[in-house]
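Trainee: What follows is my_file.pdb, made up of PDB, C-alpha atoms, pLDDT in the B column:
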MODEL        1
ATOM      1  CA  MET A   1      12.445   8.737   8.701  1.00 56.00           C
ATOM      2  CA  SER A   2      11.776  11.671  10.954  1.00 74.00           C
ATOM      3  CA  ASP A   3       8.719  13.158  12.617  1.00 86.00           C
ATOM      4  CA  THR A   4       8.839  15.797   9.885  1.00 93.00           C
ATOM      5  CA  ASP A   5       8.702  13.083   7.190  1.00 95.00           C
ATOM      6  CA  THR A   6       5.736  11.427   8.911  1.00 96.00           C
ATOM      7  CA  GLN A   7       3.884  14.744   9.170  1.00 97.00           C
ATOM      8  CA  LEU A   8       4.619  15.585   5.526  1.00 97.00           C
ATOM      9  CA  PHE A   9       3.493  12.087   4.442  1.00 97.00           C
ATOM     10  CA  ALA A  10       0.191  12.527   6.320  1.00 97.00           C
ATOM     11  CA  SER A  11      -0.286  15.975   4.790  1.00 97.00           C
ATOM     12  CA  SER A  12       0.539  14.734   1.288  1.00 97.00           C
ATOM     13  CA  LEU A  13      -1.966  11.888   1.632  1.00 97.00           C
ATOM     14  CA  ALA A  14      -4.652  14.307   2.801  1.00 97.00           C
ATOM     15  CA  ALA A  15      -3.978  16.530  -0.223  1.00 95.00           C
ATOM     16  CA  ILE A  16      -4.740  13.612  -2.586  1.00 94.00           C
ATOM     17  CA  ASP A  17      -7.755  12.387  -0.555  1.00 94.00           C
ATOM     18  CA  VAL A  18      -6.097   9.211   0.702  1.00 97.00           C
ATOM     19  CA  PRO A  19      -7.183   8.359   4.254  1.00 98.00           C
ATOM     20  CA  LEU A  20      -4.461   7.530   6.791  1.00 98.00           C
ATOM     21  CA  THR A  21      -5.085   5.363   9.842  1.00 98.00           C
ATOM     22  CA  ARG A  22      -2.386   4.996  12.487  1.00 98.00           C
ATOM     23  CA  THR A  23      -2.050   1.842  14.560  1.00 97.00           C
ATOM     24  CA  ASP A  24       0.502  -0.137  16.490  1.00 96.00           C
ATOM     25  CA  THR A  25       1.181  -3.852  16.232  1.00 95.00           C
ATOM     26  CA  ALA A  26      -1.207  -4.631  19.115  1.00 96.00           C
ATOM     27  CA  GLY A  27      -4.130  -2.993  17.311  1.00 97.00           C
ATOM     28  CA  PHE A  28      -3.201  -4.072  13.809  1.00 98.00           C
ATOM     29  CA  ALA A  29      -5.674  -6.932  13.207  1.00 97.00           C
ATOM     30  CA  SER A  30      -8.678  -5.008  14.515  1.00 98.00           C
ATOM     31  CA  THR A  31      -7.648  -1.937  12.496  1.00 98.00           C
ATOM     32  CA  ILE A  32      -7.432  -3.967   9.284  1.00 98.00           C
ATOM     33  CA  ASP A  33     -10.800  -5.618   9.963  1.00 98.00           C
ATOM     34  CA  SER A  34     -12.422  -2.226  10.577  1.00 98.00           C
ATOM     35  CA  LEU A  35     -11.123  -0.777   7.291  1.00 98.00           C
ATOM     36  CA  VAL A  36     -11.649  -3.716   4.934  1.00 97.00           C
ATOM     37  CA  THR A  37     -14.678  -3.986   2.690  1.00 94.00           C
ATOM     38  CA  GLY A  38     -15.109  -7.689   1.995  1.00 93.00           C
ATOM     39  CA  PRO A  39     -14.331  -9.851   0.404  1.00 97.00           C
ATOM     40  CA  ALA A  40     -10.654  -9.023   0.806  1.00 98.00           C
ATOM     41  CA  VAL A  41      -7.476 -10.603  -0.496  1.00 98.00           C
ATOM     42  CA  GLY A  42      -3.940 -10.057   0.705  1.00 98.00           C
ATOM     43  CA  VAL A  43      -0.340 -11.173   0.585  1.00 98.00           C
ATOM     44  CA  PRO A  44       2.218 -11.807   3.320  1.00 96.00           C
ATOM     45  CA  LEU A  45       3.235  -8.420   4.670  1.00 95.00           C
ATOM     46  CA  HIS A  46       6.833  -9.226   5.677  1.00 89.00           C
ATOM     47  CA  LEU A  47       6.539  -6.744   8.547  1.00 92.00           C
ATOM     48  CA  ASP A  48       7.706  -7.759  12.020  1.00 91.00           C
ATOM     49  CA  GLY A  49       4.927  -8.336  14.536  1.00 92.00           C
ATOM     50  CA  VAL A  50       1.964  -8.163  12.144  1.00 96.00           C
ATOM     51  CA  SER A  51       0.193 -10.625   9.895  1.00 96.00           C
ATOM     52  CA  LEU A  52      -3.078 -10.952   8.041  1.00 98.00           C
ATOM     53  CA  ASP A  53      -3.630 -14.388   9.638  1.00 96.00           C
ATOM     54  CA  ASP A  54      -5.927 -13.024  12.353  1.00 94.00           C
ATOM     55  CA  THR A  55      -7.959 -10.802  10.019  1.00 97.00           C
ATOM     56  CA  VAL A  56     -10.837 -11.270   7.571  1.00 97.00           C
ATOM     57  CA  VAL A  57      -8.370 -10.963   4.682  1.00 98.00           C
ATOM     58  CA  GLN A  58      -7.913 -14.141   2.621  1.00 98.00           C
ATOM     59  CA  THR A  59      -4.423 -15.230   1.600  1.00 97.00           C
ATOM     60  CA  PRO A  60      -2.773 -16.246  -0.656  1.00 96.00           C
ATOM     61  CA  PRO A  61      -4.253 -14.549  -3.700  1.00 97.00           C
ATOM     62  CA  THR A  62      -5.799 -16.677  -6.418  1.00 96.00           C
ATOM     63  CA  PRO A  63      -7.388 -15.566  -9.684  1.00 96.00           C
ATOM     64  CA  ARG A  64     -10.837 -16.165  -8.148  1.00 97.00           C
ATOM     65  CA  LEU A  65     -10.024 -14.139  -5.013  1.00 97.00           C
ATOM     66  CA  LEU A  66      -8.646 -11.282  -7.127  1.00 96.00           C
ATOM     67  CA  ARG A  67     -11.808 -11.211  -9.275  1.00 95.00           C
ATOM     68  CA  GLU A  68     -14.120 -11.259  -6.243  1.00 97.00           C
ATOM     69  CA  ALA A  69     -12.155  -8.966  -3.915  1.00 97.00           C
ATOM     70  CA  GLU A  70     -13.373  -5.508  -3.043  1.00 97.00           C
ATOM     71  CA  THR A  71     -10.171  -4.806  -1.090  1.00 98.00           C
ATOM     72  CA  GLY A  72      -6.544  -5.791  -1.638  1.00 98.00           C
ATOM     73  CA  VAL A  73      -4.202  -5.565   1.358  1.00 98.00           C
ATOM     74  CA  THR A  74      -0.438  -5.315   0.889  1.00 98.00           C
ATOM     75  CA  GLY A  75       2.634  -4.027   2.573  1.00 97.00           C
ATOM     76  CA  VAL A  76       4.700  -1.424   0.774  1.00 96.00           C
ATOM     77  CA  GLY A  77       8.477  -1.241   0.539  1.00 92.00           C
ATOM     78  CA  HIS A  78       8.633   2.485   1.246  1.00 95.00           C
ATOM     79  CA  ALA A  79       6.532   5.613   1.237  1.00 97.00           C
ATOM     80  CA  ILE A  80       7.589   8.994  -0.128  1.00 97.00           C
ATOM     81  CA  ALA A  81       6.648  11.838   2.187  1.00 97.00           C
ATOM     82  CA  GLU A  82       6.736  14.723  -0.294  1.00 96.00           C
ATOM     83  CA  HIS A  83       4.013  13.253  -2.536  1.00 95.00           C
ATOM     84  CA  GLY A  84       2.230  10.593  -0.456  1.00 97.00           C
ATOM     85  CA  THR A  85       3.611   8.001  -2.861  1.00 96.00           C
ATOM     86  CA  LEU A  86       3.685   4.272  -2.113  1.00 97.00           C
ATOM     87  CA  VAL A  87       6.596   2.188  -3.391  1.00 96.00           C
ATOM     88  CA  ILE A  88       5.070  -1.222  -4.091  1.00 95.00           C
ATOM     89  CA  ASP A  89       7.573  -3.996  -4.617  1.00 93.00           C
ATOM     90  CA  SER A  90       6.797  -6.745  -7.110  1.00 92.00           C
ATOM     91  CA  ASP A  91       7.265 -10.247  -5.706  1.00 93.00           C
ATOM     92  CA  ASP A  92       6.304 -13.872  -6.195  1.00 93.00           C
ATOM     93  CA  ALA A  93       3.514 -13.578  -3.590  1.00 95.00           C
ATOM     94  CA  GLY A  94       1.470 -11.287  -5.876  1.00 95.00           C
ATOM     95  CA  THR A  95       1.818  -7.933  -4.130  1.00 95.00           C
ATOM     96  CA  GLU A  96       1.558  -5.943  -7.350  1.00 93.00           C
ATOM     97  CA  PRO A  97      -1.729  -7.449  -8.655  1.00 95.00           C
ATOM     98  CA  VAL A  98      -3.256  -7.405  -5.154  1.00 97.00           C
ATOM     99  CA  SER A  99      -2.449  -3.679  -4.933  1.00 96.00           C
ATOM    100  CA  LEU A 100      -3.811  -2.891  -8.401  1.00 93.00           C
ATOM    101  CA  TYR A 101      -6.729  -5.178  -9.234  1.00 93.00           C
ATOM    102  CA  PRO A 102      -9.339  -4.823  -6.431  1.00 96.00           C
ATOM    103  CA  PRO A 103     -11.297  -1.540  -6.343  1.00 95.00           C
ATOM    104  CA  THR A 104      -9.702  -0.604  -2.994  1.00 96.00           C
ATOM    105  CA  HIS A 105      -6.051  -0.901  -2.024  1.00 97.00           C
ATOM    106  CA  LEU A 106      -5.282  -0.929   1.692  1.00 98.00           C
ATOM    107  CA  ALA A 107      -1.532  -0.293   1.961  1.00 98.00           C
ATOM    108  CA  VAL A 108       0.383  -1.033   5.151  1.00 98.00           C
ATOM    109  CA  VAL A 109       3.569   0.960   5.740  1.00 97.00           C
ATOM    110  CA  ARG A 110       5.947   1.117   8.674  1.00 96.00           C
ATOM    111  CA  GLU A 111       6.625   4.612   9.926  1.00 96.00           C
ATOM    112  CA  SER A 112      10.333   3.785   9.682  1.00 95.00           C
ATOM    113  CA  ASP A 113       9.912   3.165   5.914  1.00 95.00           C
ATOM    114  CA  ILE A 114       8.847   6.735   5.117  1.00 97.00           C
ATOM    115  CA  LEU A 115      11.464   8.473   2.996  1.00 96.00           C
ATOM    116  CA  PRO A 116      11.582  12.243   2.501  1.00 96.00           C
ATOM    117  CA  ASP A 117      11.674  12.459  -1.296  1.00 95.00           C
ATOM    118  CA  VAL A 118      11.803  10.687  -4.646  1.00 94.00           C
ATOM    119  CA  ALA A 119      15.613  10.811  -4.787  1.00 92.00           C
ATOM    120  CA  SER A 120      15.802   8.842  -1.525  1.00 91.00           C
ATOM    121  CA  ALA A 121      13.297   6.321  -2.839  1.00 90.00           C
ATOM    122  CA  THR A 122      15.102   5.773  -6.127  1.00 87.00           C
ATOM    123  CA  ASP A 123      18.304   5.162  -4.198  1.00 83.00           C
ATOM    124  CA  SER A 124      16.501   2.584  -2.051  1.00 79.00           C
ATOM    125  CA  VAL A 125      15.152   0.585  -5.011  1.00 88.00           C
ATOM    126  CA  GLY A 126      18.487   0.532  -6.835  1.00 86.00           C
ATOM    127  CA  GLU A 127      19.443  -2.827  -5.322  1.00 85.00           C
ATOM    128  CA  ARG A 128      16.085  -4.305  -6.366  1.00 87.00           C
ATOM    129  CA  PHE A 129      16.574  -3.116  -9.940  1.00 88.00           C
ATOM    130  CA  ALA A 130      20.137  -4.455 -10.044  1.00 88.00           C
ATOM    131  CA  ALA A 131      18.768  -7.858  -8.977  1.00 88.00           C
ATOM    132  CA  GLY A 132      16.217  -7.822 -11.809  1.00 89.00           C
ATOM    133  CA  LYS A 133      13.261  -7.013  -9.537  1.00 90.00           C
ATOM    134  CA  SER A 134      10.819  -4.153  -9.950  1.00 90.00           C
ATOM    135  CA  SER A 135       8.823  -1.683  -7.912  1.00 92.00           C
ATOM    136  CA  ILE A 136       6.034   0.686  -8.853  1.00 91.00           C
ATOM    137  CA  PHE A 137       5.529   4.182  -7.495  1.00 91.00           C
ATOM    138  CA  ALA A 138       1.813   4.788  -6.900  1.00 92.00           C
ATOM    139  CA  THR A 139       0.399   8.122  -5.781  1.00 90.00           C
ATOM    140  CA  GLY A 140      -3.286   8.096  -4.873  1.00 82.00           C
ATOM    141  CA  VAL A 141      -5.973   6.424  -6.906  1.00 75.00           C
ATOM    142  CA  SER A 142      -5.474   5.340 -10.478  1.00 61.00           C
ATOM    143  CA  SER A 143      -6.597   7.973 -12.948  1.00 57.00           C
ATOM    144  CA  THR A 144      -6.170   8.816 -16.602  1.00 53.00           C
ATOM    145  CA  GLY A 145      -7.120  11.669 -18.879  1.00 56.00           C
ATOM    146  CA  ASP A 146      -6.571   9.599 -22.021  1.00 56.00           C
ATOM    147  CA  MET A 147     -10.311   9.264 -22.618  1.00 57.00           C
ATOM    148  CA  GLY A 148     -11.048  12.967 -22.905  1.00 63.00           C
ATOM    149  CA  ALA A 149     -12.030  13.352 -19.242  1.00 60.00           C
ATOM    150  CA  LEU A 150     -10.413  12.365 -15.961  1.00 53.00           C
ATOM    151  CA  VAL A 151     -11.443   8.782 -15.206  1.00 54.00           C
ATOM    152  CA  LYS A 152     -10.475   7.046 -11.953  1.00 54.00           C
ATOM    153  CA  GLY A 153      -9.793   3.378 -11.443  1.00 52.00           C
ATOM    154  CA  VAL A 154      -8.887   2.450 -15.016  1.00 54.00           C
ATOM    155  CA  HIS A 155      -5.320   1.234 -14.391  1.00 60.00           C
ATOM    156  CA  GLY A 156      -5.596   0.396 -10.708  1.00 68.00           C
ATOM    157  CA  PRO A 157      -7.663   0.981  -7.586  1.00 89.00           C
ATOM    158  CA  LYS A 158     -10.468   3.526  -7.344  1.00 89.00           C
ATOM    159  CA  HIS A 159      -9.772   3.963  -3.619  1.00 94.00           C
ATOM    160  CA  VAL A 160      -6.531   3.890  -1.652  1.00 96.00           C
ATOM    161  CA  GLU A 161      -6.147   3.887   2.121  1.00 98.00           C
ATOM    162  CA  VAL A 162      -2.949   3.739   4.165  1.00 98.00           C
ATOM    163  CA  VAL A 163      -2.377   2.039   7.512  1.00 98.00           C
ATOM    164  CA  LEU A 164       0.683   3.454   9.265  1.00 98.00           C
ATOM    165  CA  LEU A 165       2.405   1.162  11.768  1.00 97.00           C
ATOM    166  CA  THR A 166       3.669   3.560  14.385  1.00 94.00           C
ATOM    167  CA  ASP A 167       5.800   1.209  16.492  1.00 79.00           C
ATOM    168  CA  GLN A 168       7.981  -0.286  13.777  1.00 60.00           C
TER     169      GLN A 168
ENDMDL
END
So, in terms of C-alpha cells, how does the structure I just supplied come out?
Mentor:
Amino acid sequence: MSDTDTQLFASSLAAIDVPLTRTDTAGFASTIDSLVTGPAVGVPLHLDGVSLDDTVVQTPPTPRLLREAETGVTGVGHAIAEHGTLVIDSDDAGTEPVSLYPPTHLAVVRESDILPDVASATDSVGERFAAGKSSIFATGVSSTGDMGALVKGVHGPKHVEVVLLTDQ
C-alpha cells in the first residue's frame, strides 16, 4: 500500500459512484453509526482496534436479520486500487451473505490492505484458494444487463459505501 494506491482507490471509487469515508479507530463507531441505515446487520470485522460492538449494527447475522436489514456491514480482505474493487472473503461468520443480501453494503477496509492491481490481489488470495476457501471480487453495486436493460441490485447490493481505516 502506498499513498498513490490510496489516492487511486479513492478515485476509482468516485468513478463508480461509491462513497468513501475516512476514519481512524477512535472515530470508527460514530462513523459507522452515521452511515448506517437501520436496521443493520454485521459480522466480526477481524480488524485490530475496531468492532461493531459499540454501534447500532446487530451481530451475528441470522436469517431474520438478513431479511430485515437495510445495511450489511463487513470487513474486506483487500481492496484493489485500480478498479475500486473489494475482495470479500467467505467465512463461517457470514461475511459473504451480509455483503450481498441487504440493499446497502458498508465495507470496512484498512488503508494497509489496499493493493495496486488485480495481479497483486490474485496473488494474495492464492493461499485462501489452496486451503479450499473462497473470495469474491466486487466492484461497485450489483448490476446486470441480462434482462435487456441495465438493472442494479439483482445479484447483490443496490448501494455500496466504503469506510477506510486510516490508522491501520
Trainee: Run the PyMOL selection byres ((chain A and resi 63) around 12) against the file shown and list the residues it catches, as a VMD selection string.
Mentor: chain A and resid 41 59 to 62 64 to 69 94 97 to 98 101 to 102
Trainee: Spell out the residues picked by the PyMOL selection byres ((chain A and resi 35) around 10) here, as a PyMOL selection string.
Mentor: chain A and resi 21+30-34+36-38+71+106+161-163
Trainee: For the PyMOL selection byres ((chain A and resi 134-138) around 12), applied here, can you spell out every residue it catches as a CSV table (one decimal) with C-alpha atoms, in the coordinates of the input?
Mentor:
chain,number,residue,atom,x,y,z
A,13,LEU,CA,-2.0,11.9,1.6
A,16,ILE,CA,-4.7,13.6,-2.6
A,18,VAL,CA,-6.1,9.2,0.7
A,76,VAL,CA,4.7,-1.4,0.8
A,77,GLY,CA,8.5,-1.2,0.5
A,78,HIS,CA,8.6,2.5,1.2
A,79,ALA,CA,6.5,5.6,1.2
A,80,ILE,CA,7.6,9.0,-0.1
A,83,HIS,CA,4.0,13.3,-2.5
A,84,GLY,CA,2.2,10.6,-0.5
A,85,THR,CA,3.6,8.0,-2.9
A,86,LEU,CA,3.7,4.3,-2.1
A,87,VAL,CA,6.6,2.2,-3.4
A,88,ILE,CA,5.1,-1.2,-4.1
A,89,ASP,CA,7.6,-4.0,-4.6
A,90,SER,CA,6.8,-6.7,-7.1
A,91,ASP,CA,7.3,-10.2,-5.7
A,92,ASP,CA,6.3,-13.9,-6.2
A,95,THR,CA,1.8,-7.9,-4.1
A,96,GLU,CA,1.6,-5.9,-7.4
A,97,PRO,CA,-1.7,-7.4,-8.7
A,99,SER,CA,-2.4,-3.7,-4.9
A,100,LEU,CA,-3.8,-2.9,-8.4
A,105,HIS,CA,-6.1,-0.9,-2.0
A,107,ALA,CA,-1.5,-0.3,2.0
A,118,VAL,CA,11.8,10.7,-4.6
A,121,ALA,CA,13.3,6.3,-2.8
A,122,THR,CA,15.1,5.8,-6.1
A,124,SER,CA,16.5,2.6,-2.1
A,125,VAL,CA,15.2,0.6,-5.0
A,126,GLY,CA,18.5,0.5,-6.8
A,127,GLU,CA,19.4,-2.8,-5.3
A,128,ARG,CA,16.1,-4.3,-6.4
A,129,PHE,CA,16.6,-3.1,-9.9
A,130,ALA,CA,20.1,-4.5,-10.0
A,131,ALA,CA,18.8,-7.9,-9.0
A,132,GLY,CA,16.2,-7.8,-11.8
A,133,LYS,CA,13.3,-7.0,-9.5
A,139,THR,CA,0.4,8.1,-5.8
A,140,GLY,CA,-3.3,8.1,-4.9
A,141,VAL,CA,-6.0,6.4,-6.9
A,142,SER,CA,-5.5,5.3,-10.5
A,143,SER,CA,-6.6,8.0,-12.9
A,155,HIS,CA,-5.3,1.2,-14.4
A,156,GLY,CA,-5.6,0.4,-10.7
A,157,PRO,CA,-7.7,1.0,-7.6
A,160,VAL,CA,-6.5,3.9,-1.7
Trainee: Separation of CA of Leu165 in chain A and CA of Phe28 in chain A, in Å?
Mentor: 7.9 Å
Trainee: Can you work out which one of A:Leu45, A:Ile114, A:Ala14, A:Val73 has the shortest atom-to-atom distance to Gln58 in chain A, counting all atoms listed in the file?
Mentor: A:Val73
Trainee: Could you check the closest approach to Asp113 in chain A for each of A:Thr74, A:Thr55, A:Thr6, A:Ser12 and tell me which residue wins, using all atoms listed in the file?
Mentor: A:Thr6
Trainee: As AutoDock Vina command-line options, please: the centre and edge lengths in Å, to one decimal, of an axis-aligned box enclosing every listed atom of range 89-103 of chain A with 8 Å added on each side.
Mentor:
--center_x -1.9 --center_y -7.7 --center_z -6.4 --size_x 34.9 --size_y 28.3 --size_z 21.6
Trainee: Using all atoms listed in the file, which residue out of A:Asp48, A:Asp53, A:Asp167, A:Glu70 lies closest to Thr23 in chain A?
Mentor: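 For Thr23 in chain A, the nearest of the candidates is A:Asp167.
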Trainee: Model the absent atoms of range 44-63 of chain A so that N, CA, C and O atoms are present, and write the result as a JSON list (two decimals), in the coordinates of the input.
Mentor:
[["chain", "number", "residue", "atom", "x", "y", "z"],
["A", 44, "PRO", "N", 1.39, -11.96, 2.12],
["A", 44, "PRO", "CA", 2.22, -11.81, 3.32],
["A", 44, "PRO", "C", 2.82, -10.41, 3.37],
["A", 44, "PRO", "O", 3.29, -9.89, 2.35],
["A", 45, "LEU", "N", 2.80, -9.81, 4.54],
["A", 45, "LEU", "CA", 3.24, -8.42, 4.67],
["A", 45, "LEU", "C", 4.73, -8.27, 4.89],
["A", 45, "LEU", "O", 5.29, -7.20, 4.62],
["A", 46, "HIS", "N", 5.39, -9.28, 5.41],
["A", 46, "HIS", "CA", 6.83, -9.23, 5.68],
["A", 46, "HIS", "C", 7.18, -8.04, 6.59],
["A", 46, "HIS", "O", 8.18, -7.36, 6.38],
["A", 47, "LEU", "N", 6.32, -7.80, 7.56],
["A", 47, "LEU", "CA", 6.54, -6.74, 8.55],
["A", 47, "LEU", "C", 6.55, -7.40, 9.92],
["A", 47, "LEU", "O", 5.61, -8.12, 10.27],
["A", 48, "ASP", "N", 7.58, -7.14, 10.71],
["A", 48, "ASP", "CA", 7.71, -7.76, 12.02],
["A", 48, "ASP", "C", 6.50, -7.46, 12.90],
["A", 48, "ASP", "O", 6.05, -6.31, 13.00],
["A", 49, "GLY", "N", 5.97, -8.50, 13.53],
["A", 49, "GLY", "CA", 4.93, -8.34, 14.54],
["A", 49, "GLY", "C", 3.51, -8.24, 14.01],
["A", 49, "GLY", "O", 2.58, -8.14, 14.81],
["A", 50, "VAL", "N", 3.32, -8.24, 12.69],
["A", 50, "VAL", "CA", 1.96, -8.16, 12.14],
["A", 50, "VAL", "C", 1.77, -9.20, 11.04],
["A", 50, "VAL", "O", 2.73, -9.58, 10.36],
["A", 51, "SER", "N", 0.54, -9.64, 10.90],
["A", 51, "SER", "CA", 0.19, -10.62, 9.90],
["A", 51, "SER", "C", -1.28, -10.47, 9.57],
["A", 51, "SER", "O", -2.06, -9.93, 10.36],
["A", 52, "LEU", "N", -1.66, -10.94, 8.41],
["A", 52, "LEU", "CA", -3.08, -10.95, 8.04],
["A", 52, "LEU", "C", -3.79, -12.20, 8.54],
["A", 52, "LEU", "O", -4.99, -12.35, 8.36],
["A", 53, "ASP", "N", -3.06, -13.12, 9.19],
["A", 53, "ASP", "CA", -3.63, -14.39, 9.64],
["A", 53, "ASP", "C", -4.84, -14.22, 10.56],
["A", 53, "ASP", "O", -5.75, -15.05, 10.51],
["A", 54, "ASP", "N", -4.83, -13.22, 11.39],
["A", 54, "ASP", "CA", -5.93, -13.02, 12.35],
["A", 54, "ASP", "C", -6.93, -11.98, 11.89],
["A", 54, "ASP", "O", -7.61, -11.36, 12.71],
["A", 55, "THR", "N", -7.03, -11.78, 10.58],
["A", 55, "THR", "CA", -7.96, -10.80, 10.02],
["A", 55, "THR", "C", -8.95, -11.50, 9.08],
["A", 55, "THR", "O", -8.82, -12.70, 8.82],
["A", 56, "VAL", "N", -9.87, -10.73, 8.53],
["A", 56, "VAL", "CA", -10.84, -11.27, 7.57],
["A", 56, "VAL", "C", -10.25, -11.38, 6.17],
["A", 56, "VAL", "O", -10.91, -11.86, 5.26],
["A", 57, "VAL", "N", -9.02, -10.97, 5.99],
["A", 57, "VAL", "CA", -8.37, -10.96, 4.68],
["A", 57, "VAL", "C", -7.94, -12.38, 4.31],
["A", 57, "VAL", "O", -7.30, -13.07, 5.11],
["A", 58, "GLN", "N", -8.28, -12.81, 3.10],
["A", 58, "GLN", "CA", -7.91, -14.14, 2.62],
["A", 58, "GLN", "C", -6.57, -14.10, 1.91],
["A", 58, "GLN", "O", -6.31, -13.22, 1.09],
["A", 59, "THR", "N", -5.72, -15.07, 2.25],
["A", 59, "THR", "CA", -4.42, -15.23, 1.60],
["A", 59, "THR", "C", -4.25, -16.71, 1.30],
["A", 59, "THR", "O", -4.84, -17.55, 1.97],
["A", 60, "PRO", "N", -3.43, -17.07, 0.36],
["A", 60, "PRO", "CA", -2.77, -16.25, -0.66],
["A", 60, "PRO", "C", -3.75, -15.89, -1.77],
["A", 60, "PRO", "O", -4.81, -16.51, -1.89],
["A", 61, "PRO", "N", -3.37, -14.93, -2.60],
["A", 61, "PRO", "CA", -4.25, -14.55, -3.70],
["A", 61, "PRO", "C", -4.36, -15.67, -4.75],
["A", 61, "PRO", "O", -3.41, -16.39, -4.99],
["A", 62, "THR", "N", -5.54, -15.78, -5.29],
["A", 62, "THR", "CA", -5.80, -16.68, -6.42],
["A", 62, "THR", "C", -6.54, -15.85, -7.46],
["A", 62, "THR", "O", -7.08, -14.78, -7.14],
["A", 63, "PRO", "N", -6.60, -16.32, -8.69],
["A", 63, "PRO", "CA", -7.39, -15.57, -9.68],
["A", 63, "PRO", "C", -8.83, -15.33, -9.23],
["A", 63, "PRO", "O", -9.37, -14.24, -9.40]]
